[in-house]
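Asks: This one is final_34.txt, compact mmCIF, C-alpha atoms.
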# COMPACT_ATOMS: atom_id res chain seq x y z
CA MET I 1 14.65 -2.97 -3.47
CA GLU I 2 16.68 -5.97 -4.35
CA ALA I 3 13.67 -7.53 -6.00
CA LEU I 4 13.65 -4.67 -8.48
CA ARG I 5 17.29 -4.91 -9.33
CA VAL I 6 18.18 -8.53 -9.27
CA SER I 7 16.82 -11.00 -11.74
CA LYS I 8 14.48 -13.19 -9.75
CA PRO I 9 14.30 -16.81 -10.69
CA ASP I 10 10.80 -18.23 -10.88
CA SER I 11 11.31 -20.23 -7.72
CA GLY I 12 8.03 -20.71 -5.91
CA ALA I 13 6.06 -20.41 -9.13
CA ASP I 14 4.21 -23.64 -8.45
CA THR I 15 2.94 -22.61 -5.05
CA PHE I 16 2.18 -19.12 -6.35
CA ASP I 17 0.15 -20.59 -9.20
CA SER I 18 -1.79 -22.79 -6.76
CA PHE I 19 -2.36 -19.87 -4.45
CA TYR I 20 -3.58 -17.70 -7.32
CA ALA I 21 -5.93 -20.42 -8.57
CA ALA I 22 -7.31 -21.02 -5.08
CA HIS I 23 -7.99 -17.39 -4.24
CA PHE I 24 -8.58 -15.39 -7.41
CA ASN I 25 -12.32 -15.92 -7.74
CA ARG I 26 -13.00 -15.40 -4.05
CA LEU I 27 -11.02 -12.15 -4.06
CA MET I 28 -12.77 -11.06 -7.25
CA ILE I 29 -16.15 -11.40 -5.54
CA GLN I 30 -14.91 -9.41 -2.54
CA LEU I 31 -13.51 -6.65 -4.74
CA TYR I 32 -16.63 -6.60 -6.90
CA ALA I 33 -18.68 -6.10 -3.73
CA TYR I 34 -16.38 -3.20 -2.88
CA THR I 35 -16.24 -1.55 -6.31
CA ALA I 36 -19.49 -2.63 -8.04
CA ASP I 37 -17.36 -2.83 -11.19
CA VAL I 38 -16.07 -6.14 -12.56
CA SER I 39 -13.21 -4.57 -14.53
CA ALA I 40 -12.05 -2.42 -11.62
CA ALA I 41 -12.19 -5.46 -9.34
CA GLN I 42 -10.21 -7.52 -11.83
CA ASP I 43 -7.52 -4.83 -12.17
CA ALA I 44 -7.22 -4.43 -8.41
CA VAL I 45 -6.96 -8.17 -7.75
CA GLN I 46 -4.50 -8.72 -10.58
CA GLU I 47 -2.42 -5.78 -9.35
CA ALA I 48 -2.38 -7.23 -5.86
CA PHE I 49 -1.15 -10.60 -7.16
CA THR I 50 1.47 -8.76 -9.23
CA ARG I 51 2.75 -7.11 -6.06
CA ALA I 52 2.58 -10.39 -4.19
CA TRP I 53 4.86 -12.23 -6.61
CA PRO I 54 8.18 -10.46 -5.80
CA ARG I 55 7.38 -10.93 -2.09
CA TRP I 56 6.13 -14.46 -2.46
CA ASP I 57 8.95 -16.18 -0.57
CA ARG I 58 8.01 -14.06 2.45
CA LEU I 59 4.24 -14.03 1.97
CA VAL I 60 4.10 -17.79 1.76
CA THR I 61 5.23 -17.95 5.38
CA TYR I 62 2.28 -15.85 6.56
CA ASP I 63 -0.63 -17.53 8.28
CA GLU I 64 -2.94 -16.12 5.64
CA PRO I 65 -1.25 -14.64 2.57
CA ALA I 66 -4.65 -14.10 0.93
CA ALA I 67 -5.37 -11.47 3.58
CA TRP I 68 -2.32 -9.53 2.40
CA VAL I 69 -3.44 -9.75 -1.21
CA ARG I 70 -6.96 -8.67 -0.31
CA ARG I 71 -5.68 -5.71 1.64
CA VAL I 72 -3.49 -4.55 -1.23
CA ALA I 73 -6.36 -5.02 -3.68
CA LEU I 74 -8.71 -2.97 -1.50
CA ASN I 75 -6.08 -0.23 -1.21
CA VAL I 76 -5.62 -0.19 -4.97
CA ALA I 77 -9.37 0.00 -5.52
CA ALA I 78 -9.79 2.76 -2.94
CA ASN I 79 -7.20 5.06 -4.48
CA ARG I 80 -7.95 6.79 -7.75
CA TRP I 81 -4.29 7.13 -8.74
CA ARG I 82 -3.56 3.47 -8.04
CA ARG I 83 -6.73 2.40 -9.86
CA VAL I 84 -5.59 4.19 -12.99
CA GLN I 85 -2.13 2.64 -12.75
CA ALA I 86 -3.61 -0.84 -12.30
CA ALA I 87 -6.00 -0.39 -15.22
CA ARG I 88 -3.10 0.61 -17.47
CA ALA I 89 -1.01 -2.30 -16.32
CA HIS I 90 -3.57 -5.06 -16.57
CA ALA I 91 -6.12 -4.11 -19.23
CA ARG I 92 -4.25 -6.11 -21.84
CA HIS I 93 -4.56 -9.22 -19.71
CA HIS I 94 -8.35 -9.13 -19.59
CA ARG I 95 -9.67 -12.34 -21.10
CA GLU I 96 -12.32 -12.35 -23.77
CA GLU I 97 -13.91 -15.65 -22.87
CA ALA I 98 -17.61 -15.33 -22.29
CA VAL I 99 -18.67 -15.16 -18.68
CA ASP I 100 -22.25 -14.53 -17.65
CA PRO I 101 -22.71 -11.02 -16.29
CA PRO I 102 -23.35 -10.73 -12.56
CA SER I 103 -26.87 -11.77 -11.55
CA PRO I 104 -29.41 -9.00 -10.83
CA ASP I 105 -29.15 -9.82 -7.14
CA ARG I 106 -25.40 -9.36 -7.17
CA VAL I 107 -25.63 -6.15 -9.16
CA ALA I 108 -28.25 -4.74 -6.80
CA LEU I 109 -26.23 -5.56 -3.70
CA ALA I 110 -22.97 -4.25 -5.17
CA ARG I 111 -24.62 -1.01 -6.26
CA ALA I 112 -26.21 -0.55 -2.86
CA LEU I 113 -22.86 -1.19 -1.18
CA ARG I 114 -21.26 1.39 -3.43
CA THR I 115 -23.47 4.10 -1.96
CA LEU I 116 -22.31 3.44 1.61
CA PRO I 117 -19.57 5.48 3.27
CA GLU I 118 -16.19 3.86 2.61
CA LYS I 119 -15.63 2.60 6.17
CA GLN I 120 -19.06 0.96 6.37
CA ARG I 121 -18.68 -0.57 2.92
CA ARG I 122 -15.26 -1.95 3.73
CA ALA I 123 -16.49 -3.41 7.03
CA ILE I 124 -19.51 -5.03 5.36
CA VAL I 125 -17.36 -6.53 2.61
CA LEU I 126 -14.82 -7.88 5.09
CA PHE I 127 -17.47 -9.31 7.42
CA HIS I 128 -20.17 -10.58 5.08
CA ILE I 129 -18.22 -11.36 1.90
CA ALA I 130 -14.66 -12.09 3.07
CA ASP I 131 -15.98 -13.78 6.24
CA LEU I 132 -13.60 -12.05 8.66
CA SER I 133 -14.47 -11.82 12.34
CA ILE I 134 -15.22 -8.48 13.94
CA ALA I 135 -12.01 -8.76 15.94
CA ALA I 136 -9.98 -9.37 12.80
CA ILE I 137 -11.56 -6.38 11.05
CA ALA I 138 -10.89 -4.20 14.08
CA THR I 139 -7.23 -5.21 14.03
CA GLU I 140 -6.92 -4.69 10.29
CA GLU I 141 -8.57 -1.28 10.39
CA GLY I 142 -6.86 -0.18 13.61
CA VAL I 143 -10.11 0.63 15.44
CA PRO I 144 -11.96 -0.78 18.47
CA GLU I 145 -14.36 -3.65 17.88
CA GLY I 146 -17.23 -1.41 18.90
CA THR I 147 -16.46 0.87 15.98
CA VAL I 148 -16.61 -2.06 13.57
CA LYS I 149 -19.94 -3.15 15.07
CA ALA I 150 -21.28 0.38 14.60
CA TRP I 151 -20.12 0.43 10.97
CA LEU I 152 -21.79 -2.93 10.36
CA HIS I 153 -25.00 -1.91 12.08
CA ARG I 154 -25.32 1.36 10.16
CA GLY I 155 -24.24 -0.24 6.91
CA ARG I 156 -26.75 -3.06 7.17
CA ALA I 157 -29.57 -0.68 8.06
CA ALA I 158 -28.74 1.50 5.06
CA LEU I 159 -28.50 -1.55 2.79
CA ALA I 160 -31.87 -2.87 3.93
CA THR I 161 -33.50 0.44 3.06
CA LEU I 162 -31.72 0.76 -0.28
CA LEU I 163 -32.52 -2.80 -1.33
CA THR I 164 -36.15 -2.52 -0.26
CA ASP I 165 -36.47 0.56 -2.46
CA GLU I 166 -34.72 -1.29 -5.29
CA GLU I 167 -37.09 -4.24 -4.96
CA GLY I 168 -40.00 -1.84 -5.09
CA ARG I 169 -38.72 -0.34 -8.31
CA ARG I 170 -38.19 -3.77 -9.84
CA GLY I 171 -41.69 -4.79 -8.80
CA MET A 1 -36.10 -5.96 3.83
CA ASP A 2 -35.62 -8.05 6.96
CA GLU A 3 -32.31 -9.29 8.39
CA GLN A 4 -32.74 -12.85 7.10
CA HIS A 5 -33.41 -11.68 3.57
CA LEU A 6 -30.29 -9.52 3.65
CA ASP A 7 -28.18 -12.41 4.93
CA ASP A 8 -29.54 -14.61 2.16
CA MET A 9 -28.47 -12.00 -0.38
CA PHE A 10 -24.95 -12.02 1.05
CA ASP A 11 -24.90 -15.83 0.85
CA ARG A 12 -25.96 -15.79 -2.80
CA PHE A 13 -23.44 -13.04 -3.54
CA ARG A 14 -20.59 -15.13 -2.11
CA SER A 15 -21.58 -18.42 -3.63
CA GLY A 16 -22.45 -17.30 -7.13
CA PRO A 17 -20.45 -18.22 -10.23
CA PRO A 18 -17.07 -16.64 -11.08
CA LEU A 19 -17.27 -13.07 -12.32
CA THR A 20 -14.49 -13.27 -14.85
CA VAL A 21 -11.86 -15.54 -16.36
CA PRO A 22 -8.63 -15.07 -14.39
CA ALA A 23 -5.75 -13.53 -16.28
CA GLY A 24 -3.56 -16.08 -14.55
CA ALA A 25 -0.61 -16.17 -12.21
CA GLY A 26 1.69 -16.08 -15.22
CA ALA A 27 0.24 -12.70 -16.22
CA ALA A 28 0.93 -11.38 -12.71
CA ARG A 29 4.55 -12.51 -12.96
CA GLN A 30 4.85 -11.02 -16.43
CA SER A 31 3.45 -7.68 -15.23
CA PHE A 32 5.98 -7.63 -12.43
CA ARG A 33 8.86 -8.32 -14.82
CA GLN A 34 7.71 -5.60 -17.22
CA ARG A 35 7.36 -3.15 -14.36
CA ARG A 36 10.85 -3.98 -13.12
CA ARG A 37 12.32 -3.42 -16.57
CA GLY A 38 10.41 -0.15 -16.85
CA ARG A 39 11.72 1.07 -13.53
CA LEU A 40 15.27 0.21 -14.39
CA ALA A 41 14.89 2.02 -17.70
CA ALA A 42 13.35 5.02 -15.96
CA GLY A 43 16.30 5.10 -13.60
CA CYS A 44 18.68 5.21 -16.53
CA VAL A 45 16.69 8.00 -18.18
CA VAL A 46 16.64 10.08 -15.04
CA ALA A 47 20.36 9.67 -14.64
CA ALA A 48 21.03 10.44 -18.30
CA LEU A 49 18.93 13.59 -18.13
CA GLY A 50 21.10 14.82 -15.32
CA VAL A 51 18.27 14.89 -12.83
CA GLY A 52 20.55 12.89 -10.70
CA VAL A 53 24.11 12.17 -11.80
CA PRO A 54 25.53 10.00 -9.10
CA SER A 55 29.08 10.62 -8.13
CA VAL A 56 31.62 7.83 -8.23
CA ALA A 57 31.13 7.38 -4.52
CA PHE A 58 27.49 6.48 -5.09
CA ALA A 59 28.08 3.96 -7.81
CA ALA A 60 26.94 0.45 -7.14
CA GLY A 61 28.68 -1.01 -4.17
CA ALA A 62 29.66 2.27 -2.63
CA PHE A 63 27.06 2.01 0.09
CA ASP A 64 28.46 1.16 3.46
CA ARG A 65 26.05 -1.56 4.47
CA THR A 66 27.52 -2.26 7.89
CA PRO A 67 26.03 -2.49 10.42
CA ARG A 68 22.44 -3.31 9.60
CA PRO A 69 19.61 -2.76 12.03
CA PRO A 70 19.61 -5.45 14.68
CA VAL A 71 15.89 -5.03 15.21
CA VAL A 72 14.69 -6.73 12.06
CA THR A 73 13.97 -10.37 12.50
CA THR A 74 11.65 -11.56 9.77
CA ALA A 75 12.41 -8.31 7.93
CA PRO A 76 9.09 -7.75 6.25
CA THR A 77 9.07 -4.75 3.94
CA THR A 78 5.44 -5.37 3.23
CA PRO A 79 2.25 -4.27 4.93
CA ALA A 80 1.80 -5.32 8.50
CA ARG A 81 1.07 -8.99 8.65
CA PRO A 82 -2.66 -9.36 8.36
CA THR A 83 -4.62 -11.00 11.10
CA PRO A 84 -5.50 -14.53 10.12
CA PRO A 85 -9.17 -14.65 9.30
CA SER A 86 -11.39 -17.66 9.55
CA THR A 87 -11.18 -18.55 5.88
CA THR A 88 -9.36 -21.47 4.31
CA PRO A 89 -5.73 -22.05 5.23
CA PRO A 90 -2.96 -20.97 2.86
CA PRO A 91 -1.55 -23.48 0.41
CA THR A 92 1.65 -23.76 2.35
CA THR A 93 2.43 -22.62 5.85
CA PRO A 94 5.95 -23.77 6.53
CA GLY A 95 6.81 -20.74 8.64
CA ALA A 96 3.49 -20.18 10.33
CA LYS A 97 4.15 -18.41 13.55
CA PRO A 98 2.59 -19.49 16.82
CA THR A 99 0.30 -17.02 18.52
CA THR A 100 2.10 -15.29 21.38
CA GLU A 101 1.36 -12.33 23.56
CA LYS A 102 1.11 -9.15 21.59
CA PRO A 103 3.99 -6.69 22.02
CA VAL A 104 3.09 -3.18 23.09
CA GLU A 105 3.23 -0.49 20.42
CA PRO A 106 5.53 2.39 21.49
CA THR A 107 3.98 5.83 21.90
CA THR A 108 6.98 7.86 20.78
CA VAL A 109 9.50 7.71 17.95
CA PRO A 110 12.61 6.03 19.35
CA ARG A 111 16.01 7.03 18.08
CA ALA A 112 16.55 3.47 16.85
CA ALA A 113 13.84 4.08 14.26
CA MET A 114 15.95 6.73 12.55
CA LEU A 115 18.46 6.34 9.74
CA ARG A 116 22.12 6.05 10.66
CA ALA A 117 25.13 7.31 8.76
CA SER A 118 25.97 3.72 7.88
CA ASP A 119 22.70 3.53 5.92
CA LEU A 120 23.89 6.29 3.59
CA PRO A 121 26.63 6.46 0.97
CA ALA A 122 30.15 6.80 2.29
CA GLY A 123 31.01 10.28 3.52
CA PHE A 124 27.72 11.23 5.16
CA GLU A 125 27.95 12.10 8.83
CA TYR A 126 25.26 12.45 11.44
CA ARG A 127 24.76 16.11 12.38
CA GLY A 128 22.06 15.92 15.00
CA GLY A 129 18.34 15.63 15.28
CA GLY A 130 16.92 18.58 17.16
CA ASP A 131 14.56 21.34 16.23
CA PHE A 132 17.35 23.15 14.42
CA LEU A 133 16.19 21.26 11.35
CA GLY A 134 13.30 23.66 11.36
CA GLY A 135 11.24 21.90 8.77
CA ASP A 136 11.89 24.20 5.84
CA TRP A 137 12.58 21.13 3.73
CA THR A 138 9.43 19.11 4.42
CA LEU A 139 6.50 18.60 2.09
CA ALA A 140 4.45 20.90 4.32
CA PHE A 141 6.98 23.68 3.84
CA ILE A 142 7.33 23.15 0.10
CA ALA A 143 3.55 22.98 -0.27
CA SER A 144 3.19 26.24 1.65
CA GLN A 145 4.88 27.95 -1.31
CA CYS A 146 2.00 27.01 -3.64
CA ARG A 147 0.27 30.10 -5.03
CA ASP A 148 -2.99 28.69 -6.38
CA ARG A 149 -4.20 26.06 -3.99
CA ARG A 150 -3.55 24.68 -0.58
CA LEU A 151 -2.51 21.06 -0.47
CA PRO A 152 -4.51 19.18 2.17
CA ASP A 153 -2.73 17.28 4.94
CA PRO A 154 0.85 17.80 3.79
CA GLU A 155 2.17 16.66 7.18
CA PRO A 156 1.50 13.15 8.51
CA GLY A 157 -0.41 14.19 11.62
CA ASP A 158 0.66 16.22 14.63
CA GLY A 159 1.77 13.34 16.81
CA PRO A 160 5.25 12.59 18.14
CA LYS A 161 8.10 13.30 15.73
CA ARG A 162 11.84 12.89 15.57
CA ASN A 163 14.32 14.46 13.17
CA ALA A 164 17.77 13.54 11.95
CA ALA A 165 20.25 15.31 9.72
CA PHE A 166 23.25 13.97 7.83
CA ALA A 167 25.74 15.97 5.82
CA HIS A 168 28.35 15.22 3.19
CA ASP A 169 31.19 17.61 2.37
CA SER A 170 30.41 17.77 -1.32
CA GLU A 171 27.04 16.13 -1.91
CA GLY A 172 24.84 18.06 0.50
CA SER A 173 22.51 16.67 3.10
CA VAL A 174 19.98 14.02 3.94
CA LEU A 175 17.22 15.17 6.25
CA GLN A 176 14.74 12.84 7.87
CA ARG A 177 11.60 13.21 9.93
CA VAL A 178 9.68 10.29 11.39
CA SER A 179 6.11 10.94 12.51
CA ARG A 180 3.90 8.66 14.55
CA MET A 181 0.26 8.62 13.49
CA PRO A 182 -2.53 7.36 15.77
CA THR A 183 -2.96 3.97 14.06
CA PRO A 184 -1.50 1.97 11.17
CA ALA A 185 -4.78 2.50 9.31
CA ALA A 186 -4.51 6.28 9.69
CA ALA A 187 -0.94 6.20 8.42
CA ARG A 188 -1.90 3.93 5.53
CA ASP A 189 -4.78 6.22 4.55
CA TRP A 190 -2.52 9.26 4.71
CA ILE A 191 0.17 7.84 2.46
CA ASP A 192 -2.36 6.14 0.16
CA GLY A 193 -3.96 9.48 -0.56
CA LEU A 194 -0.69 11.37 -0.94
CA PRO A 195 -0.35 11.00 -4.74
CA ASP A 196 -3.89 12.27 -5.26
CA ARG A 197 -3.43 15.20 -2.89
CA ILE A 198 -0.20 16.55 -4.32
CA SER A 199 -0.43 15.68 -8.01
CA GLY A 200 -0.18 18.47 -10.56
CA ASP A 201 0.74 22.12 -10.47
CA CYS A 202 -0.35 24.01 -7.37
CA GLY A 203 0.93 27.34 -8.63
CA GLY A 204 4.64 27.76 -8.99
CA ILE A 205 5.43 24.22 -7.88
CA ARG A 206 4.78 20.99 -9.72
CA PHE A 207 4.73 17.66 -7.93
CA THR A 208 5.34 14.39 -9.73
CA VAL A 209 5.02 10.91 -8.29
CA VAL A 210 8.15 9.13 -9.50
CA ASP A 211 7.63 5.72 -7.91
CA THR A 212 5.53 3.89 -5.34
CA ASP A 213 5.61 0.71 -3.28
CA PHE A 214 9.34 0.10 -3.35
CA ALA A 215 9.99 -0.10 0.40
CA GLY A 216 8.25 -0.78 3.65
CA ALA A 217 4.49 -1.23 3.84
CA ASP A 218 4.04 1.77 1.56
CA ALA A 219 6.45 4.09 -0.15
CA VAL A 220 6.10 7.10 -2.41
CA LEU A 221 8.86 9.03 -4.13
CA ILE A 222 7.90 12.58 -5.08
CA ARG A 223 9.75 15.10 -7.16
CA SER A 224 8.95 18.77 -6.74
CA GLU A 225 9.96 21.36 -9.33
CA SER A 226 9.74 25.07 -8.71
CA ASP A 227 9.16 27.76 -11.32
CA ALA A 228 11.96 29.59 -9.55
CA GLY A 229 14.27 26.75 -10.51
CA GLY A 230 15.47 23.68 -8.77
CA SER A 231 13.93 20.35 -8.01
CA ASP A 232 13.90 18.16 -4.97
CA PHE A 233 13.10 14.57 -4.18
CA LEU A 234 11.06 13.65 -1.16
CA LEU A 235 10.80 10.07 -0.04
CA PHE A 236 7.91 8.79 2.06
CA VAL A 237 7.99 5.36 3.67
CA ARG A 238 5.50 3.81 6.07
CA GLN A 239 5.74 0.94 8.53
CA GLY A 240 2.69 0.53 10.75
CA PRO A 241 1.77 3.91 12.24
CA LEU A 242 5.19 5.43 11.48
CA VAL A 243 5.69 7.59 8.42
CA THR A 244 9.06 9.01 7.50
CA GLN A 245 9.81 11.70 4.99
CA ILE A 246 13.34 12.11 3.73
CA SER A 247 14.88 14.88 1.71
CA THR A 248 18.03 13.91 -0.14
CA TRP A 249 20.88 15.58 -1.92
CA SER A 250 19.90 16.87 -5.35
CA GLY A 251 22.19 14.54 -7.27
CA ALA A 252 20.75 11.33 -5.89
CA ASP A 253 19.78 8.74 -8.48
CA LEU A 254 16.78 6.48 -8.19
CA GLY A 255 18.82 3.48 -7.13
CA ALA A 256 20.34 5.41 -4.25
CA LEU A 257 16.96 6.78 -3.23
CA ARG A 258 15.44 3.33 -3.17
CA ASP A 259 18.35 2.01 -1.13
CA ILE A 260 17.79 4.76 1.42
CA ALA A 261 14.08 4.00 1.46
CA GLN A 262 14.81 0.33 2.11
CA ALA A 263 17.17 1.19 4.94
CA ALA A 264 14.67 3.63 6.43
CA ALA A 265 11.92 1.01 6.25
CA GLN A 266 14.05 -1.45 8.19
CA ARG A 267 14.97 1.16 10.80
CA LEU A 268 11.30 2.09 11.28
CA CYS A 269 10.68 -1.45 12.42
CA ALA A 270 12.58 -0.56 15.61
CA GLY A 271 9.80 1.88 16.43
CA THR A 272 6.70 -0.18 15.79
CA THR A 273 5.38 -3.65 16.43
CA SER A 274 3.81 -3.73 12.98
CA CYS A 275 6.78 -5.27 11.17
Do you think you could lay out the structure here as structure tokens?
Replies:
Amino acid sequence: MEALRVSKPDSGADTFDSFYAAHFNRLMIQLYAYTADVSAAQDAVQEAFTRAWPRWDRLVTYDEPAAWVRRVALNVAANRWRRVQAARAHARHHREEAVDPPSPDRVALARALRTLPEKQRRAIVLFHIADLSIAAIATEEGVPEGTVKAWLHRGRAALATLLTDEEGRRG
Amino acid sequence: MDEQHLDDMFDRFRSGPPLTVPAGAGAARQSFRQRRRGRLAAGCVVAALGVGVPSVAFAAGAFDRTPRPPVVTTAPTTPARPTPPSTTPPPTTPGAKPTTEKPVEPTTVPRAAMLRASDLPAGFEYRGGGDFLGGDWTLAFIASQCRDRRLPDPEPGDGPKRNAAFAHDSEGSVLQRVSRMPTPAAARDWIDGLPDRISGDCGGIRFTVVDTDFAGADAVLIRSESDAGGSDFLLFVRQGPLVTQISTWSGADLGALRDIAQAAAQRLCAGTTSC
């Protein structure tokens, strides 16, 4: 709680800035795959970096601090109450600069992912988008590797069907 | 769609252009500072409203901070350290830890994972930890008084538990229960969903989420108000698969509650390998 009570000098700001710059876009893509919503992904990622800052002196010693940020962002995105809080906190920081909307391919895949059960979607995002190993996902989710493989298998099968249907509709 | 086509779609998804212009690391720091100011202000408001008027004994500095838990080494109060994935290395890794054999997660709740009197303001004494606590102070008990709807999963699982009670001559009591859930993910899901499950008026009792993420891997501070009068604070803190709920004396202020949550989070590390 000290971080909330004691004025924290901006020590570590340089490394935090570098870390943010190196990982923001990658995390955005992962969270967009999870939420199918650019704004929701942006709020979740920004919220995760906001929570990372007061812990930065500790996080920077982790083997992979980006994994911590991703996990927090996924938790924020998965929880309605936290999503609302993050949207309130970060909406004013959304930038107006023009960015091309996601390509039709990306939109189709994100929308198809959105229809999957949460566990399958999370496993697919971690494996195919975040590039985690099955063992790492199993550890992170607290389940056996076989369970992760089953989630991936079912998720991929469902995605193939959904995207085939989508392609058919698009001609 | 065949497997190769699906893999190609994932490749294009990953390698496409940025989706948005980043708000920037400075915005993240600014949001944190604003949030900190807001919390401090909220603490003052709560105290001024008399929700919790701390006694002189609980003023800043009154906490007896000796002795601290010997179990905490790197003292993380953040989520369990993630497994390093195969992505790019972090920008700096001065303290990167070598891979060693994995310690075994306990199957019970050891006594060392519980609060001690020294974690609480001066004057609190340990009064035991048996079944005499009953449980008529827990969220499950409070939620059972709801008239209109049943709150789902008010208790963090039915696994091993341990209780502790502390009493103060004039301030009342601090009651603690630590529950072990099957996995860290199960515990995380349970506490993540807690605000959604309890929010609002369930008929005669209103629950309000006062604060979150101020201790341990996850933390939630809930205030319950009864139509019959009276309000209570319930603290929830998670480390790994362990979830503790703590009921405090009615006059506790937010600063004191957060201090207790921090102490509880550190103690929990004695009962899990997740810290």
Asks: Neighbouring residues of segment 43-46 of chain I were defined as those with any atom within 9 Å, considering only C-alpha atoms; residues of the same chain fewer than 5 positions away were excluded. Please report them as number ranges by chain.
Replies: I: 24, 27-28, 31, 38, 51, 69-70, 72-77, 82-83, 86-91, 94; A: 22-25, 27-28
Asks: Do you know which residues are at most 12 Å from Leu19 of chain A counting all atoms listed in the file, after dropping those on the same chain fewer than 2 positions away, and could you put them as an MDAnalysis selection string?
Replies: (chainID I and resid 24:33 36:42 95 97:103 106:107) or (chainID A and resid 13:17 21:22)
Asks: Using all atoms listed in the file, which of I:Thr139, I:Thr35, I:Gln85, I:Thr115 sits nearest chain A?
Replies: I:Thr139
Asks: So which residues fall inside 9 Å of (-30.1, -3.1, -8.0) if we count only C-alpha atoms? Mind giving them as a list in words?
Replies: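 Residues with an atom at most 9 Å from (-30.1, -3.1, -8.0): Pro104, Asp105, Arg106, Val107, Ala108, Leu109, Ala110, Arg111, Ala112, Leu162, Leu163, Glu166, Glu167 and Arg170 of chain I.
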Asks: From (1.7, -3.5, -2.7), in the file's coordinates, out to 9 Å: which residues are reached, counting only C-alpha atoms? Answer as a list in words.
Replies: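 Those residues, ordered by chain and then number, are Glu47, Ala48, Phe49, Thr50, Arg51, Ala52, Trp68, Val69, Arg71, Val72, Ala73, Asn75 and Val76 of chain I; Thr78, Pro79, Thr212, Asp213, Phe214, Ala217 and Asp218 of chain A.
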Asks: Kindly give the distance, in Å, that separates atom CA of Phe32 of chain A and atom CA of Arg238 of chain A, rounded to a single decimal.
Replies: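 Going from atom CA of Phe32 of chain A over to atom CA of Arg238 of chain A covers 21.8 Å.
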Asks: Skip segment 147-153 of chain A itself and residues of its chain fewer than 6 positions away, then list as a list in words all residues within 7 Å of it, counting all atoms listed in the file.
Replies: Arg197, Ile198, Cys202, Gly203 and Gly204 of chain A
Asks: Within 8 Å of Gly142 of chain I, counting all atoms listed in the file, which residues show up once you throw out same-chain ones fewer than 6 positions away? Write them as a PyMOL selection string, please.
Replies: chain A and resi 183-186
Asks: Write the selection just made, keeping C-alpha atoms, as a compact mmCIF listing (two decimals), in the frame of the given file?
Replies:
# COMPACT_ATOMS: atom_id res chain seq x y z
CA THR A 183 -2.96 3.97 14.06
CA PRO A 184 -1.50 1.97 11.17
CA ALA A 185 -4.78 2.50 9.31
CA ALA A 186 -4.51 6.28 9.69
Asks: Taking all atoms of segment 247-263 of chain A that the file lists, what box with edges along x, y and z, padded by 8 Å per side, do you get, with centre and edge lengths in Å to one decimal, as JSON?
Replies:
{"center_x": 18.1, "center_y": 8.6, "center_z": -1.8, "size_x": 24.1, "size_y": 32.5, "size_z": 29.4}
